[in-house]
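S.K.: Quick one: the structure is below, and I'll ask about it shortly.
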Amino acid sequence: MANANISFDDEQNVFHLSNRQISYLIQIEEGGLLSHLYFGKKITKYHGSRHYPRLDRGFSPNLAGEPHQTDRSYSKDTLLQEYGGYNTGDFRQAAIKIQGANGAQASDFRFQSFKIINGKPHLDRLPQAYVLSEDEAKTLIINLVDSTLNVQVSLYYTIYNDRPVVARSTKITNLSQQSINIEKIASMQLDLPASDLEIISLPGAHVRERQMERQTVRQGVAEFSSHRGTSSHHMNPFVALVTPNTTENEGEAVGIQLVYSGNHQFTIERDYVEQTRVLSGINEDGFDWQLNADDDFQTPEALLVYSDDGLNGMSQAYHHLLRERVARGKYQYAERPIVINNWEATYFDFNAEKIQEILDEASPLGIEMFVLDDGWFGKRDDDDSSLGDWFEYATKLQSGGGLVGLSDKVHEKGMKFGLWFEPEMISKNSDLYRQHPDYILGMPNRDLTPSRDQYVLDFSRPEVVDNIFQQVVNILDNVKIDYIKWDMNRHLTEVYSAALSPERQGEVGHRYMLGVYDLADRLTKRYPDILFEGCSGGGGRFDAGMLYFFPQSWTSDNTDPVERLKIQYGTTLSYPVSSMTAHVSASPNHQTGRQTSLAMRGDVATAGVFGYELNLAKLSLEEKSEIKDQVTFYKQHRSLIQYGNFYRIKSPFKNNETAWEFISEDKTEALLFNYRVLSTAQPVFTVTKMSHLKSDGIYVDQRTNEHYSGDELMSIGLYNTPIKQADFTSAVRYFKWQAE
């Protein structure tokens with residue numbers, strides 16, 4: 001293992017963070033400004049080649065304070081900085097905005113001190129990347145101070161031994177005797193010199209999550225953000241900066257991923273001299289945090305990744321980091337069970353007999369877990385009641401012995417039992433609302449905005465979180481549960497808490513998210529043997545923050561295999577396959593109406609954490625036999641799919657075809673998936689070239705017994721056969737390596 005190193009050159013005033021893959025360079029400039037020099041491929045030693053040139057720029061102000069105020073060639077307005085202030089000479093987007101006790105809005109942070117420590121400090125109350133031992137990473141903490149405000153900003157940089165990753169966050173401490181208001185505080189800033197850059201983001205919508213979009217970085221300001229109270233279906237908290245020639249396997253990429261599940265903001269600004277500033281953190285819209293004397297505030301963490309092996313290299317770094325040092329608990333590396341969920345089979349219309357029918361069909365097929373979805377609690381027969389009443393709907397499963405009886409029956413079948421919850425929501429038609437109408441997020445004298453006939457609990461209040469925690473505990477302590485699906489089916493409006501004073505209402509959104517994290521932390525620690533899965537109307541809160549608590553999340557409510565190609569492809573840009581659940585559903589599909597073969601649906605879903613979402617009793621004997629084969633295939637290859645190395649080959653955003661592969665860590669096993677969307681009368685014979693195989697030895701196709709060398713598969717490739725004259729087709733090849 002190559003140890004990470006952090007050094008300080010006191011002659012050049014330069015910090016150098018490095019491991020065998022990357023270097024990150026920071027300089028203390030005149031007047032104590034902190035400048036960014038470099039983030040990229042490892043360099044052995046720095047000799048001053050990136051010292052920022054001095055030039056008088058018209059209308060760029062000088063640096064305040066003696067003796068620099070007369071130097072017209074030195075200005076915050078153009079200097080590449082590590083953390084820019086506000087209203088004191090830098091006219092670009094600010095990393096931090098503070099309103100002082102006198103109402104003035106200005107900040108000017110200068111270097112004060114630094115500290116280098118082994119390991120990685122824990123961030124209180126927030127999800128984060130972590131270390132298992134202090135010798136696997138080092139952390140640089142740089143303290144900056146605004147002497148007028150008497151406020152300190154601490155910048156945290158953690159570099160791992162063997163990962164091309166720098167974890168960054170910011171903590172602000174009020175050293176004064178007066179309260180201040182934080183109106184914006186970024187987790188990180190990255191200023192880059194003039195160069196041609198493109199930005200890749202993951203926009204989308206409900207049932208159309210994480211659609212890859214690539215655009216040129218142009219002069220002006222671009223924002224990629226969520227204002228919805230969650231990380232959202234609409235813009236994932238991740239971006240990548242790439243060079244124009246960057247592809248899946250070649251070129252440079254810098255990924256920035258925020259470990260946060262609430263309102264986020266990525267700001268990309270290209271200034272008038274073609275330099276690029278990137279900011280990432282909590283969305284400043286609606287955010288206003290009152291920081292009292294001697295108090296501090298910690299931002300969420302941003303994970304920066306550098307790759308010179310294209311997007312796949314960046315993705316591999318994220319896949320390993322998130323799987324190995326963000327996800328936690330018993331199921332971090334455990335093989336995830338194959339699920340059957342009753343939602344699309346029954347929706348709310350179920351009873352003990354209907355559920356028993358599903359169990360009787362599922363068990364012989366080798367399915368390993370049954371999940372009871374929405375409708376088991378309160379008096380819930382549709383979606384306009386009972387959220388917040390987490391007690392059993394006494395009569396719904398009564399003939400089968402209730403939840404306890406159902407759990408026993410599931411386990412008698414040799415299967416595990418899962419249950420659906422939506423802990424953050426409340427219905428007006430509920431006992432909880434009738435008892436505590438003030439528990440809801442809502443503004444005085446303003447009507448509430450409904451969504452799906454439900455409202456949002458005020459999780460900024462600890463007593464509300466405690467109430468839901470106790471209700472869930474009452475279920476989990478009395479029913480044997482192996483799995484929980486944690487759903488969240490609307491966004492936040494009227495964000496206001498009855499428990500906070502008027503001047504603190506700008507804190508509600510972030511405090512809400514801290515409450516969600518608190519509940520998730522308490523439940524996962526109390527029930528370490530339960531597998532928790534995140535969900536928010538599908539993939540509406542699919543982020544690294546939730547991954548810290550839940551090792552997998554429902555990728556999208558859209559189970560159409562054609563749509564899922566793009567959703568799953570985009571998701572893998574920054575998230576591991578082990579976090580991405582994918583189910584086979586009915587045809588015609590309930591979201592798109594499209595008819596697809598069971599084979600195509602299975603081949604898309606088996607490229608994730610696999611399961612089913614349909615009524616097995618309505619299937620033919622041939623279809624049940626095919627499902628049994630799919631289950632057998634997945635069990636044989638589950639470890640490779642969930643924990644192998646995943647590479648994208650052909651993009652559904654560019655082609656009629658999609659291809660991706662899974663390769664074991666030792667490169668002795670490989671699965672190649674090919675998909676084609678539309679058929680043509682004169683089919684084109686296309687070639688798929690695999691990647692990252694062993695060059696020596698022979699790979700044997702386990703179905704046909706055909707032999708190929710690794711470099712043959714990577715350089716020459718394979719024709720995508722057999723050609724099927726039908727829409728929506730797929731093929732899977734499994735290769736095993738042997739020495740020549």
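To be explicit about the labels: the chains of the structure tokens are called A, B, and onward in the order shown, and within each one the residues are counted from 1, while ligands get numbers from 1 in the order they are shown.
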What's the 9 Å shell around Val687 of chain A, counting only C-alpha atoms, without same-chain residues fewer than 2 positions away, as a short mmCIF file (atom, residue, chain, number, x, y, z; two decimals) with N, CA and C atoms, in the first residue's frame?

M.R.:
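Just written: selection-v8.cif:
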data_model
loop_
_atom_site.label_atom_id
_atom_site.label_comp_id
_atom_site.auth_asym_id
_atom_site.auth_seq_id
_atom_site.Cartn_x
_atom_site.Cartn_y
_atom_site.Cartn_z
N PHE A 685 -24.49 -5.16 -38.59
CA PHE A 685 -23.68 -6.05 -37.78
C PHE A 685 -22.68 -5.21 -36.99
N LYS A 689 -16.53 -4.21 -28.18
CA LYS A 689 -15.18 -4.46 -27.67
C LYS A 689 -15.21 -4.40 -26.15
N ILE A 716 -10.31 -6.55 -30.99
CA ILE A 716 -11.09 -6.94 -32.17
C ILE A 716 -12.57 -6.92 -31.85
N GLY A 717 -12.95 -7.51 -30.72
CA GLY A 717 -14.33 -7.49 -30.29
C GLY A 717 -15.17 -8.60 -30.89
N LEU A 718 -16.45 -8.57 -30.56
CA LEU A 718 -17.40 -9.60 -30.96
C LEU A 718 -18.57 -8.97 -31.70
N TYR A 719 -19.04 -9.65 -32.74
CA TYR A 719 -20.28 -9.23 -33.35
C TYR A 719 -21.44 -9.46 -32.38
N ASN A 720 -22.38 -8.54 -32.40
CA ASN A 720 -23.54 -8.65 -31.52
C ASN A 720 -24.55 -9.61 -32.13
#

S.K.: I want to know what sits within 10 Å of Leu419 of chain A, based on only C-alpha atoms, with residues of the same chain fewer than 3 positions away left out; could you give that as a list in words?

M.R.: Asn341, Phe370, Val371, Leu372, Asp373, Asp374, Trp376, Leu403, Ser407, Leu476, Ile481, Asp482, Tyr483, Ile484, Lys485, Trp486 and Phe532 of chain A

S.K.: Filtering to N, CA and C atoms, could you give me those residues as a compact mmCIF listing (two decimals), in the first residue's frame?

M.R.:
# COMPACT_ATOMS: atom_id res chain seq x y z
N ASN A 341 -42.09 -8.13 -4.71
CA ASN A 341 -42.85 -7.08 -4.06
C ASN A 341 -44.28 -7.12 -4.58
N PHE A 370 -40.15 -11.88 0.36
CA PHE A 370 -41.42 -11.24 0.03
C PHE A 370 -41.51 -9.91 0.76
N VAL A 371 -41.88 -8.86 0.02
CA VAL A 371 -42.01 -7.52 0.61
C VAL A 371 -43.47 -7.08 0.50
N LEU A 372 -44.07 -6.77 1.64
CA LEU A 372 -45.41 -6.22 1.70
C LEU A 372 -45.32 -4.71 1.60
N ASP A 373 -45.90 -4.16 0.55
CA ASP A 373 -45.77 -2.74 0.27
C ASP A 373 -46.89 -1.95 0.96
N ASP A 374 -47.16 -0.78 0.47
CA ASP A 374 -48.10 0.18 1.04
C ASP A 374 -49.49 -0.44 1.27
N TRP A 376 -50.67 -1.68 4.69
CA TRP A 376 -50.80 -2.63 5.80
C TRP A 376 -51.08 -1.94 7.14
N LEU A 403 -49.88 -9.32 10.76
CA LEU A 403 -48.48 -9.23 10.34
C LEU A 403 -47.64 -10.35 10.92
N SER A 407 -45.67 -12.95 8.65
CA SER A 407 -44.23 -13.14 8.81
C SER A 407 -43.89 -14.61 9.03
N LEU A 476 -41.35 -3.26 14.77
CA LEU A 476 -40.18 -4.10 14.54
C LEU A 476 -39.83 -4.97 15.75
N ILE A 481 -38.99 -8.99 11.06
CA ILE A 481 -38.81 -8.27 9.80
C ILE A 481 -37.35 -8.39 9.38
N ASP A 482 -37.13 -8.70 8.11
CA ASP A 482 -35.76 -8.85 7.59
C ASP A 482 -35.34 -7.68 6.70
N TYR A 483 -36.33 -6.87 6.29
CA TYR A 483 -36.06 -5.84 5.28
C TYR A 483 -37.07 -4.72 5.44
N ILE A 484 -36.62 -3.49 5.25
CA ILE A 484 -37.52 -2.33 5.26
C ILE A 484 -37.29 -1.52 4.00
N LYS A 485 -38.37 -1.20 3.31
CA LYS A 485 -38.33 -0.26 2.20
C LYS A 485 -38.82 1.09 2.73
N TRP A 486 -37.91 2.06 2.79
CA TRP A 486 -38.19 3.39 3.34
C TRP A 486 -38.51 4.32 2.18
N PHE A 532 -32.06 -2.39 4.96
CA PHE A 532 -32.85 -1.19 4.65
C PHE A 532 -32.62 -0.79 3.20

S.K.: Could you pull the residues within 8 Å of Lys41 of chain A, counting only C-alpha atoms, minus those fewer than 4 positions along the same chain, as a PDB file with N, CA, C and O atoms, in the first residue's frame?

M.R.:
ATOM      1  N   GLN A  21      -1.583   8.072  -7.068  1.00  0.00           N
ATOM      2  CA  GLN A  21      -2.440   8.370  -8.206  1.00  0.00           C
ATOM      3  C   GLN A  21      -2.639   9.858  -8.457  1.00  0.00           C
ATOM      4  O   GLN A  21      -2.728  10.291  -9.606  1.00  0.00           O
ATOM      5  N   ILE A  22      -2.765  10.664  -7.407  1.00  0.00           N
ATOM      6  CA  ILE A  22      -3.161  12.072  -7.574  1.00  0.00           C
ATOM      7  C   ILE A  22      -2.289  13.005  -6.744  1.00  0.00           C
ATOM      8  O   ILE A  22      -1.618  12.589  -5.784  1.00  0.00           O
ATOM      9  N   SER A  23      -2.334  14.280  -7.127  1.00  0.00           N
ATOM     10  CA  SER A  23      -1.760  15.364  -6.327  1.00  0.00           C
ATOM     11  C   SER A  23      -2.772  16.504  -6.240  1.00  0.00           C
ATOM     12  O   SER A  23      -3.537  16.750  -7.186  1.00  0.00           O
ATOM     13  N   TYR A 306     -10.425  12.246  -9.297  1.00  0.00           N
ATOM     14  CA  TYR A 306      -9.725  12.538 -10.543  1.00  0.00           C
ATOM     15  C   TYR A 306      -9.455  11.241 -11.298  1.00  0.00           C
ATOM     16  O   TYR A 306      -9.064  10.234 -10.697  1.00  0.00           O
ATOM     17  N   SER A 307      -9.672  11.278 -12.610  1.00  0.00           N
ATOM     18  CA  SER A 307      -9.365  10.135 -13.471  1.00  0.00           C
ATOM     19  C   SER A 307      -8.710  10.616 -14.740  1.00  0.00           C
ATOM     20  O   SER A 307      -9.156  11.603 -15.334  1.00  0.00           O
ATOM     21  N   ASP A 308      -7.640   9.934 -15.180  1.00  0.00           N
ATOM     22  CA  ASP A 308      -7.128  10.141 -16.531  1.00  0.00           C
ATOM     23  C   ASP A 308      -7.400   8.911 -17.384  1.00  0.00           C
ATOM     24  O   ASP A 308      -6.798   8.739 -18.448  1.00  0.00           O
TER      25      ASP A 308
END

S.K.: Compile the contact shell of Ile180 of chain A as a list in words: residues with an atom at most 9 Å away, counting only C-alpha atoms, same-chain residues fewer than 5 positions apart removed.

M.R.: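 Near neighbours after the sequence-gap exclusion: Ile98, Gln99, Gly100, Ala101, Gly103, Leu149, Asn174, Trp289, Gln290, Leu291, Asn292 and Ala293 of chain A.
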
S.K.: How would you write, as a VMD selection string, the set of residues in segment 158-338 of chain A that DSSP gives as helix (DSSP H, G or I)?

M.R.: chain A and resid 310 to 325

S.K.: Name the residues of segment 595-635 of chain A that fall into strand (DSSP E) according to DSSP on the backbone, using the chain letters and numbers of this document, as a PDB file with N, CA and C atoms, in the first residue's frame.

M.R.:
ATOM      1  N   VAL A 609     -29.421  -5.042  -8.385  1.00  0.00           N
ATOM      2  CA  VAL A 609     -29.881  -5.861  -7.256  1.00  0.00           C
ATOM      3  C   VAL A 609     -31.285  -6.323  -7.630  1.00  0.00           C
ATOM      4  N   PHE A 610     -31.442  -7.616  -7.873  1.00  0.00           N
ATOM      5  CA  PHE A 610     -32.508  -8.186  -8.686  1.00  0.00           C
ATOM      6  C   PHE A 610     -33.763  -8.521  -7.873  1.00  0.00           C
ATOM      7  N   GLY A 611     -34.917  -8.384  -8.551  1.00  0.00           N
ATOM      8  CA  GLY A 611     -36.164  -8.790  -7.931  1.00  0.00           C
ATOM      9  C   GLY A 611     -37.310  -8.736  -8.927  1.00  0.00           C
ATOM     10  N   TYR A 612     -38.541  -8.931  -8.398  1.00  0.00           N
ATOM     11  CA  TYR A 612     -39.745  -8.973  -9.228  1.00  0.00           C
ATOM     12  C   TYR A 612     -40.821  -8.085  -8.623  1.00  0.00           C
ATOM     13  N   GLU A 613     -41.667  -7.565  -9.512  1.00  0.00           N
ATOM     14  CA  GLU A 613     -42.741  -6.645  -9.124  1.00  0.00           C
ATOM     15  C   GLU A 613     -43.933  -6.921 -10.033  1.00  0.00           C
TER      16      GLU A 613
END

S.K.: Taking only C-alpha atoms into account, which of A:Arg380, A:His583, A:Arg277, A:His234 comes nearest Pro561 of chain A?

M.R.: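 Using only C-alpha atoms, the shortest distance to Pro561 of chain A belongs to A:His583.
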
S.K.: Find the residues of segment 645-670 of chain A that sit at most 8 Å from segment 637-640 of chain A; for each, write down the nearest two atoms and how far apart they are in Å, to one decimal. Count only C-alpha atoms. Sort by chain, then by number going up, and give it as a Markdown table.

M.R.:
| residue | atom | partner | partner_atom | distance |
| --- | --- | --- | --- | --- |
| A:Asn645 | CA | A:Leu640 | CA | 7.9 |
| A:Phe662 | CA | A:Leu640 | CA | 6.7 |
| A:Ile663 | CA | A:Leu640 | CA | 7.0 |
| A:Ser664 | CA | A:Leu640 | CA | 6.0 |
| A:Glu669 | CA | A:Leu640 | CA | 8.0 |

S.K.: I need the residues from that last selection saved to file as a PDB file, in the first residue's frame (with N, CA and C atoms), if you can.

M.R.:
ATOM      1  N   ASN A 645     -16.329  -5.439 -10.786  1.00  0.00           N
ATOM      2  CA  ASN A 645     -16.059  -4.148 -11.399  1.00  0.00           C
ATOM      3  C   ASN A 645     -16.956  -3.981 -12.622  1.00  0.00           C
ATOM      4  N   PHE A 662     -19.443  -6.804 -16.451  1.00  0.00           N
ATOM      5  CA  PHE A 662     -19.012  -7.016 -15.069  1.00  0.00           C
ATOM      6  C   PHE A 662     -17.780  -7.909 -15.101  1.00  0.00           C
ATOM      7  N   ILE A 663     -16.732  -7.512 -14.379  1.00  0.00           N
ATOM      8  CA  ILE A 663     -15.487  -8.276 -14.355  1.00  0.00           C
ATOM      9  C   ILE A 663     -15.073  -8.472 -12.906  1.00  0.00           C
ATOM     10  N   SER A 664     -14.682  -9.690 -12.561  1.00  0.00           N
ATOM     11  CA  SER A 664     -14.235  -9.973 -11.198  1.00  0.00           C
ATOM     12  C   SER A 664     -12.924  -9.244 -10.923  1.00  0.00           C
ATOM     13  N   GLU A 669     -13.374 -13.806 -14.396  1.00  0.00           N
ATOM     14  CA  GLU A 669     -14.766 -13.973 -14.791  1.00  0.00           C
ATOM     15  C   GLU A 669     -15.257 -12.668 -15.417  1.00  0.00           C
TER      16      GLU A 669
END

S.K.: Looking at A:Asp10, A:Gly442, A:Lys409, A:Glu223, which one is nearest to Lys480 of chain A, with distances taken over only C-alpha atoms?

M.R.: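 Looking only at the distances to Lys480 of chain A, the closest residue turns out to be A:Lys409.
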
S.K.: For Asp384 of chain A, list every protein, DNA or RNA residue within 9 Å, evaluated using only C-alpha atoms, and leave out those in the same chain fewer than 4 positions away; present the list as a list in words.

M.R.: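 Listing them by chain and then by number gives Arg380, Ser427, Lys428, Asn429, Arg452, Asp453 and Gln454 of chain A.
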
S.K.: For the residues selected in the previous step, produce a file with N, CA, C and O atoms as a tab-separated table (two decimals), in the first residue's frame.

M.R.:
chain	number	residue	atom	x	y	z
A	380	ARG	N	-55.59	2.05	5.84
A	380	ARG	CA	-55.06	2.49	4.55
A	380	ARG	C	-55.55	1.59	3.42
A	380	ARG	O	-55.05	0.50	3.21
A	427	SER	N	-50.81	11.98	6.76
A	427	SER	CA	-52.10	12.27	6.13
A	427	SER	C	-52.93	13.10	7.10
A	427	SER	O	-52.87	12.89	8.32
A	428	LYS	N	-53.73	14.03	6.57
A	428	LYS	CA	-54.66	14.75	7.45
A	428	LYS	C	-55.68	13.78	8.06
A	428	LYS	O	-56.11	13.97	9.21
A	429	ASN	N	-56.04	12.77	7.30
A	429	ASN	CA	-56.92	11.72	7.82
A	429	ASN	C	-56.07	10.67	8.51
A	429	ASN	O	-55.80	9.58	7.99
A	452	ARG	N	-50.05	14.17	-3.64
A	452	ARG	CA	-50.44	12.77	-3.43
A	452	ARG	C	-51.32	12.64	-2.17
A	452	ARG	O	-51.27	11.63	-1.49
A	453	ASP	N	-52.06	13.70	-1.85
A	453	ASP	CA	-52.92	13.71	-0.66
A	453	ASP	C	-52.14	13.45	0.62
A	453	ASP	O	-52.67	12.85	1.56
A	454	GLN	N	-50.91	13.92	0.66
A	454	GLN	CA	-50.12	13.73	1.88
A	454	GLN	C	-49.29	14.98	2.15
A	454	GLN	O	-49.10	15.82	1.28

S.K.: So that I can see what lies close to Ser579 of chain A, please list as a list in words the residues with an atom at most 8 Å from it, counting only C-alpha atoms and leaving out residues fewer than 5 positions away in the same chain.

M.R.: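 These residues fall inside the cut-off: Leu547, Pro551, Gln552, Ser553 and Val609 of chain A.
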
S.K.: Kindly export the residues of the current selection with all heavy atoms, as a PDB file, in the first residue's frame.

M.R.:
ATOM      1  N   LEU A 547     -26.984   6.391   1.014  1.00  0.00           N
ATOM      2  CA  LEU A 547     -26.193   5.162   0.948  1.00  0.00           C
ATOM      3  C   LEU A 547     -25.434   4.907   2.246  1.00  0.00           C
ATOM      4  O   LEU A 547     -25.156   3.757   2.596  1.00  0.00           O
ATOM      5  CB  LEU A 547     -25.221   5.244  -0.237  1.00  0.00           C
ATOM      6  CG  LEU A 547     -24.332   4.036  -0.500  1.00  0.00           C
ATOM      7  CD1 LEU A 547     -25.158   2.800  -0.829  1.00  0.00           C
ATOM      8  CD2 LEU A 547     -23.351   4.329  -1.629  1.00  0.00           C
ATOM      9  N   PRO A 551     -27.798   0.463   2.229  1.00  0.00           N
ATOM     10  CA  PRO A 551     -26.835   0.015   1.214  1.00  0.00           C
ATOM     11  C   PRO A 551     -27.408  -0.108  -0.186  1.00  0.00           C
ATOM     12  O   PRO A 551     -26.661  -0.312  -1.139  1.00  0.00           O
ATOM     13  CB  PRO A 551     -26.386  -1.351   1.744  1.00  0.00           C
ATOM     14  CG  PRO A 551     -27.525  -1.822   2.593  1.00  0.00           C
ATOM     15  CD  PRO A 551     -28.108  -0.584   3.216  1.00  0.00           C
ATOM     16  N   GLN A 552     -28.735   0.015  -0.328  1.00  0.00           N
ATOM     17  CA  GLN A 552     -29.335  -0.030  -1.654  1.00  0.00           C
ATOM     18  C   GLN A 552     -30.551   0.879  -1.694  1.00  0.00           C
ATOM     19  O   GLN A 552     -31.143   1.200  -0.665  1.00  0.00           O
ATOM     20  CB  GLN A 552     -29.734  -1.462  -2.027  1.00  0.00           C
ATOM     21  CG  GLN A 552     -30.791  -2.082  -1.126  1.00  0.00           C
ATOM     22  CD  GLN A 552     -30.991  -3.563  -1.399  1.00  0.00           C
ATOM     23  OE1 GLN A 552     -30.030  -4.333  -1.449  1.00  0.00           O
ATOM     24  NE2 GLN A 552     -32.247  -3.973  -1.591  1.00  0.00           N
ATOM     25  N   SER A 553     -30.911   1.308  -2.919  1.00  0.00           N
ATOM     26  CA  SER A 553     -32.083   2.158  -3.104  1.00  0.00           C
ATOM     27  C   SER A 553     -32.816   1.737  -4.368  1.00  0.00           C
ATOM     28  O   SER A 553     -32.209   1.234  -5.322  1.00  0.00           O
ATOM     29  CB  SER A 553     -31.691   3.635  -3.208  1.00  0.00           C
ATOM     30  OG  SER A 553     -31.375   4.182  -1.943  1.00  0.00           O
ATOM     31  N   VAL A 609     -29.421  -5.042  -8.385  1.00  0.00           N
ATOM     32  CA  VAL A 609     -29.881  -5.861  -7.256  1.00  0.00           C
ATOM     33  C   VAL A 609     -31.285  -6.323  -7.630  1.00  0.00           C
ATOM     34  O   VAL A 609     -32.225  -5.545  -7.655  1.00  0.00           O
ATOM     35  CB  VAL A 609     -29.851  -5.071  -5.938  1.00  0.00           C
ATOM     36  CG1 VAL A 609     -30.386  -5.918  -4.794  1.00  0.00           C
ATOM     37  CG2 VAL A 609     -28.418  -4.622  -5.634  1.00  0.00           C
TER      38      VAL A 609
END

S.K.: Using only C-alpha atoms, which of A:Gln642, A:Thr571, A:Gln332, A:Asn181 sits nearest Gln211 of chain A?

M.R.: A:Thr571

S.K.: For atom CA of Phe224 of chain A and atom CA of Gly262 of chain A, determine how far apart the two atoms are, in Å to one decimal place.

M.R.: 13.5 Å

S.K.: Kindly give the distance, in Å, that separates atom CA of Arg522 of chain A and atom CA of Phe549 of chain A, rounded to a single decimal.

M.R.: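 Here the two named atoms are 9.9 Å from each other.
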
S.K.: For Leu34 of chain A, please output as a ChimeraX atom specification all residues within 12 Å (counting only C-alpha atoms; exclusion window: fewer than 2 positions along the same chain).

M.R.: /A:13-15,25-32,36-37,51-52,76,79-85,108-114,142-145,155,189-191

S.K.: Of the candidates A:Glu563, A:Gly366, A:Phe728, A:Phe673, which one gets nearest to Gln630 of chain A if we count only C-alpha atoms?

M.R.: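 Closest candidate: A:Gly366.
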
S.K.: Quick one, how far is atom CA of Ser679 of chain A from atom CA of Leu713 of chain A?

M.R.: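 Distance reported for this atom pair: 25.1 Å.
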